[in-house]
Amino acid sequence: MVDAVASQRSHPLNIYALKGTITALKAHIFNDVIWPDFSRLPRGDAPFIRFVEISVGEQLHMFGKRIEVLPATHTVPAAGFAVNEGGANWVYTGDTERNPALWARINEMPIAMLVIETAFSNREKDLAKKSLHLSPHSLSHELDCIAEGARYPIFITHTKPAETDLIMAEIQRFDQTQPFGRDVAHDIRWLCAGQEFDL
């Protein structure tokens, strides 16, 4: 993206990220070895990109929307986001495993929809746990944290391509059996490439 649009802009492209993510990007990507350091090019006083440090709990205001940085539990610095334009929030969990702090915050706000990762199938649930991702098994426990009476569509993302059908089948099975009973407790869908949403 920097290569494609930065030279056409009159001001730097802002990259909003956690401090640890910025440190990693500078050390491992924009290091003049893997990729040029566009935070200094073409000139230090007029770079193509600018890093903007954010932190969990911070609220950003952009393009008429409020974006709250949410906690994530992952092997590398990660965050989720709640986007609001005056109504209910669109929430993206980011890469995460079990995350009580996320649910505590989500349950305090009105939710329009939730996008949550489920990277591995249950046959890979041990790998999911070690890499701090969700499997349908751990997702079921996470969804138990939704406040009683709260209902909103849940979109599954970040599935391993070869396992998407299996992951969605496993999610459907847990959501139609105990502890939820005969009625499906959640409106769970796969987030397909190309879907568009009005926020």
# chains A, B, ... in the order shown; residues from 1 in each chain; ligands from 1

$ select_by_dssp --residues "range 52-131 of chain A" --states "alpha helix (DSSP H)" --output "list of chain:residue names"
A:Pro100, A:Ala101, A:Leu102, A:Trp103, A:Ala104, A:Arg105, A:Ile106, A:Lys125, A:Asp126, A:Leu127, A:Ala128, A:Lys129, A:Lys130

$ write_last_selection --atoms "C-alpha atoms" --output "PDB file, in the first residue's frame"
ATOM      1  CA  PRO A 100     -12.017 -11.963  29.825  1.00  0.00           C
ATOM      2  CA  ALA A 101     -11.030  -8.280  29.557  1.00  0.00           C
ATOM      3  CA  LEU A 102     -12.476  -8.091  26.026  1.00  0.00           C
ATOM      4  CA  TRP A 103     -15.835  -9.501  27.124  1.00  0.00           C
ATOM      5  CA  ALA A 104     -15.985  -7.252  30.169  1.00  0.00           C
ATOM      6  CA  ARG A 105     -15.719  -4.236  27.860  1.00  0.00           C
ATOM      7  CA  ILE A 106     -17.986  -5.607  25.099  1.00  0.00           C
ATOM      8  CA  LYS A 125      -7.178 -27.133  19.404  1.00  0.00           C
ATOM      9  CA  ASP A 126      -3.867 -27.740  21.228  1.00  0.00           C
ATOM     10  CA  LEU A 127      -1.986 -25.798  18.545  1.00  0.00           C
ATOM     11  CA  ALA A 128      -4.651 -23.080  18.720  1.00  0.00           C
ATOM     12  CA  LYS A 129      -4.129 -22.772  22.472  1.00  0.00           C
ATOM     13  CA  LYS A 130      -0.312 -22.639  22.150  1.00  0.00           C
TER      14      LYS A 130
END

$ residues_around --residues "Thr159 in chain A" --least-positions-apart "4" --cutoff "9 Å" --atoms "only C-alpha atoms" --output "ChimeraX atom specification"
/A:117-121,163-164,167

$ residues_around --residues "range 185-195 of chain A" --least-positions-apart "5" --cutoff "10 Å" --atoms "only C-alpha atoms" --output "JSON, numbers by chain"
{"A": [113, 114, 115, 116, 117, 143, 144, 150, 151, 152, 153, 154, 155, 156, 157, 158, 159, 164, 165, 167, 168, 171, 172, 174, 175, 176, 177, 179, 180]}

$ write_last_selection --atoms "N, CA and C atoms" --output "PDB file, in the first residue's frame"
ATOM      1  N   MET A 113     -22.613  -5.894  15.662  1.00  0.00           N
ATOM      2  CA  MET A 113     -22.083  -7.143  15.134  1.00  0.00           C
ATOM      3  C   MET A 113     -20.696  -7.383  15.707  1.00  0.00           C
ATOM      4  N   LEU A 114     -20.316  -8.669  15.730  1.00  0.00           N
ATOM      5  CA  LEU A 114     -19.017  -9.079  16.254  1.00  0.00           C
ATOM      6  C   LEU A 114     -18.293  -9.891  15.195  1.00  0.00           C
ATOM      7  N   VAL A 115     -17.041  -9.542  14.923  1.00  0.00           N
ATOM      8  CA  VAL A 115     -16.175 -10.327  14.046  1.00  0.00           C
ATOM      9  C   VAL A 115     -15.115 -10.937  14.944  1.00  0.00           C
ATOM     10  N   ILE A 116     -15.065 -12.267  14.993  1.00  0.00           N
ATOM     11  CA  ILE A 116     -14.155 -12.965  15.898  1.00  0.00           C
ATOM     12  C   ILE A 116     -13.396 -14.043  15.141  1.00  0.00           C
ATOM     13  N   GLU A 117     -12.121 -14.169  15.448  1.00  0.00           N
ATOM     14  CA  GLU A 117     -11.302 -15.157  14.754  1.00  0.00           C
ATOM     15  C   GLU A 117     -11.535 -16.553  15.329  1.00  0.00           C
ATOM     16  N   LEU A 143     -17.986 -17.422  23.755  1.00  0.00           N
ATOM     17  CA  LEU A 143     -19.332 -16.923  23.505  1.00  0.00           C
ATOM     18  C   LEU A 143     -20.230 -17.050  24.730  1.00  0.00           C
ATOM     19  N   ASP A 144     -19.858 -17.942  25.657  1.00  0.00           N
ATOM     20  CA  ASP A 144     -20.583 -18.021  26.931  1.00  0.00           C
ATOM     21  C   ASP A 144     -20.417 -16.740  27.741  1.00  0.00           C
ATOM     22  N   ALA A 150     -28.143 -10.524  25.376  1.00  0.00           N
ATOM     23  CA  ALA A 150     -27.534  -9.808  24.248  1.00  0.00           C
ATOM     24  C   ALA A 150     -27.541 -10.703  23.009  1.00  0.00           C
ATOM     25  N   ARG A 151     -28.010 -10.179  21.901  1.00  0.00           N
ATOM     26  CA  ARG A 151     -28.069 -10.931  20.650  1.00  0.00           C
ATOM     27  C   ARG A 151     -27.567 -10.039  19.524  1.00  0.00           C
ATOM     28  N   TYR A 152     -26.641 -10.560  18.751  1.00  0.00           N
ATOM     29  CA  TYR A 152     -26.142  -9.841  17.582  1.00  0.00           C
ATOM     30  C   TYR A 152     -25.455 -10.847  16.670  1.00  0.00           C
ATOM     31  N   PRO A 153     -25.338 -10.536  15.370  1.00  0.00           N
ATOM     32  CA  PRO A 153     -24.665 -11.464  14.464  1.00  0.00           C
ATOM     33  C   PRO A 153     -23.179 -11.569  14.794  1.00  0.00           C
ATOM     34  N   ILE A 154     -22.681 -12.794  14.663  1.00  0.00           N
ATOM     35  CA  ILE A 154     -21.271 -13.099  14.933  1.00  0.00           C
ATOM     36  C   ILE A 154     -20.670 -13.638  13.644  1.00  0.00           C
ATOM     37  N   PHE A 155     -19.627 -12.978  13.173  1.00  0.00           N
ATOM     38  CA  PHE A 155     -18.957 -13.398  11.939  1.00  0.00           C
ATOM     39  C   PHE A 155     -17.607 -14.015  12.279  1.00  0.00           C
ATOM     40  N   ILE A 156     -17.344 -15.190  11.729  1.00  0.00           N
ATOM     41  CA  ILE A 156     -16.106 -15.916  11.968  1.00  0.00           C
ATOM     42  C   ILE A 156     -15.107 -15.549  10.885  1.00  0.00           C
ATOM     43  N   THR A 157     -13.886 -15.215  11.315  1.00  0.00           N
ATOM     44  CA  THR A 157     -12.833 -14.846  10.369  1.00  0.00           C
ATOM     45  C   THR A 157     -11.530 -15.551  10.732  1.00  0.00           C
ATOM     46  N   HIS A 158     -10.536 -15.391   9.889  1.00  0.00           N
ATOM     47  CA  HIS A 158      -9.174 -15.895  10.104  1.00  0.00           C
ATOM     48  C   HIS A 158      -9.107 -17.421  10.156  1.00  0.00           C
ATOM     49  N   THR A 159     -10.043 -18.094   9.487  1.00  0.00           N
ATOM     50  CA  THR A 159      -9.996 -19.557   9.426  1.00  0.00           C
ATOM     51  C   THR A 159      -8.870 -19.985   8.493  1.00  0.00           C
ATOM     52  N   THR A 164     -11.715 -24.294   6.715  1.00  0.00           N
ATOM     53  CA  THR A 164     -12.883 -23.434   6.899  1.00  0.00           C
ATOM     54  C   THR A 164     -14.174 -24.228   7.015  1.00  0.00           C
ATOM     55  N   ASP A 165     -14.424 -25.166   6.086  1.00  0.00           N
ATOM     56  CA  ASP A 165     -15.667 -25.941   6.129  1.00  0.00           C
ATOM     57  C   ASP A 165     -15.768 -26.744   7.415  1.00  0.00           C
ATOM     58  N   ILE A 167     -14.244 -26.107  10.332  1.00  0.00           N
ATOM     59  CA  ILE A 167     -14.420 -25.174  11.450  1.00  0.00           C
ATOM     60  C   ILE A 167     -15.873 -24.732  11.542  1.00  0.00           C
ATOM     61  N   MET A 168     -16.463 -24.349  10.426  1.00  0.00           N
ATOM     62  CA  MET A 168     -17.850 -23.889  10.452  1.00  0.00           C
ATOM     63  C   MET A 168     -18.808 -25.017  10.824  1.00  0.00           C
ATOM     64  N   ILE A 171     -18.504 -25.427  14.561  1.00  0.00           N
ATOM     65  CA  ILE A 171     -19.210 -24.328  15.238  1.00  0.00           C
ATOM     66  C   ILE A 171     -20.715 -24.582  15.209  1.00  0.00           C
ATOM     67  N   GLN A 172     -21.221 -25.000  14.070  1.00  0.00           N
ATOM     68  CA  GLN A 172     -22.654 -25.268  13.973  1.00  0.00           C
ATOM     69  C   GLN A 172     -23.055 -26.377  14.943  1.00  0.00           C
ATOM     70  N   PHE A 174     -21.605 -27.278  17.887  1.00  0.00           N
ATOM     71  CA  PHE A 174     -21.638 -26.858  19.292  1.00  0.00           C
ATOM     72  C   PHE A 174     -22.773 -25.885  19.545  1.00  0.00           C
ATOM     73  N   ASP A 175     -23.129 -25.111  18.561  1.00  0.00           N
ATOM     74  CA  ASP A 175     -24.154 -24.103  18.792  1.00  0.00           C
ATOM     75  C   ASP A 175     -25.564 -24.689  18.747  1.00  0.00           C
ATOM     76  N   GLN A 176     -25.699 -25.933  18.288  1.00  0.00           N
ATOM     77  CA  GLN A 176     -27.011 -26.565  18.222  1.00  0.00           C
ATOM     78  C   GLN A 176     -27.157 -27.682  19.248  1.00  0.00           C
ATOM     79  N   THR A 177     -26.174 -27.834  20.127  1.00  0.00           N
ATOM     80  CA  THR A 177     -26.223 -28.881  21.137  1.00  0.00           C
ATOM     81  C   THR A 177     -25.980 -28.265  22.503  1.00  0.00           C
ATOM     82  N   PRO A 179     -24.367 -26.659  25.727  1.00  0.00           N
ATOM     83  CA  PRO A 179     -25.369 -26.365  26.748  1.00  0.00           C
ATOM     84  C   PRO A 179     -26.529 -25.512  26.251  1.00  0.00           C
ATOM     85  N   PHE A 180     -26.634 -25.311  24.941  1.00  0.00           N
ATOM     86  CA  PHE A 180     -27.602 -24.342  24.441  1.00  0.00           C
ATOM     87  C   PHE A 180     -28.988 -24.925  24.195  1.00  0.00           C
TER      88      PHE A 180
END

$ residues_around --residues "range 79-93 of chain A" --least-positions-apart "5" --cutoff "6 Å" --atoms "only C-alpha atoms" --output "list of chain:residue names"
A:Lys65, A:Arg66, A:Ile67, A:Glu68, A:Val69, A:Leu70, A:Pro71, A:Ala72, A:Pro110, A:Ile111, A:Ala112, A:Met113, A:Leu114, A:Val115, A:Ile116

$ write_last_selection --atoms "C-alpha atoms" --output "compact mmCIF listing (two decimals), in the first residue's frame"
# COMPACT_ATOMS: atom_id res chain seq x y z
CA LYS A 65 -16.42 7.50 13.73
CA ARG A 66 -15.19 6.67 17.22
CA ILE A 67 -12.75 3.75 17.33
CA GLU A 68 -11.95 2.19 20.69
CA VAL A 69 -8.84 0.02 21.03
CA LEU A 70 -9.80 -3.27 22.70
CA PRO A 71 -7.58 -5.81 24.49
CA ALA A 72 -6.44 -8.98 22.73
CA PRO A 110 -24.36 -1.93 22.57
CA ILE A 111 -23.14 -4.27 19.83
CA ALA A 112 -24.35 -4.28 16.21
CA MET A 113 -22.08 -7.14 15.13
CA LEU A 114 -19.02 -9.08 16.25
CA VAL A 115 -16.18 -10.33 14.05
CA ILE A 116 -14.15 -12.97 15.90

$ atom_distance --atom1 "CA of Ala78 in chain A" --atom2 "CA of Trp35 in chain A"
22.0 Å

$ closest_residue --among "A:Phe63, A:Pro161, A:Leu134, A:Leu166" --to "Leu199 in chain A" --atoms "only C-alpha atoms"
A:Phe63
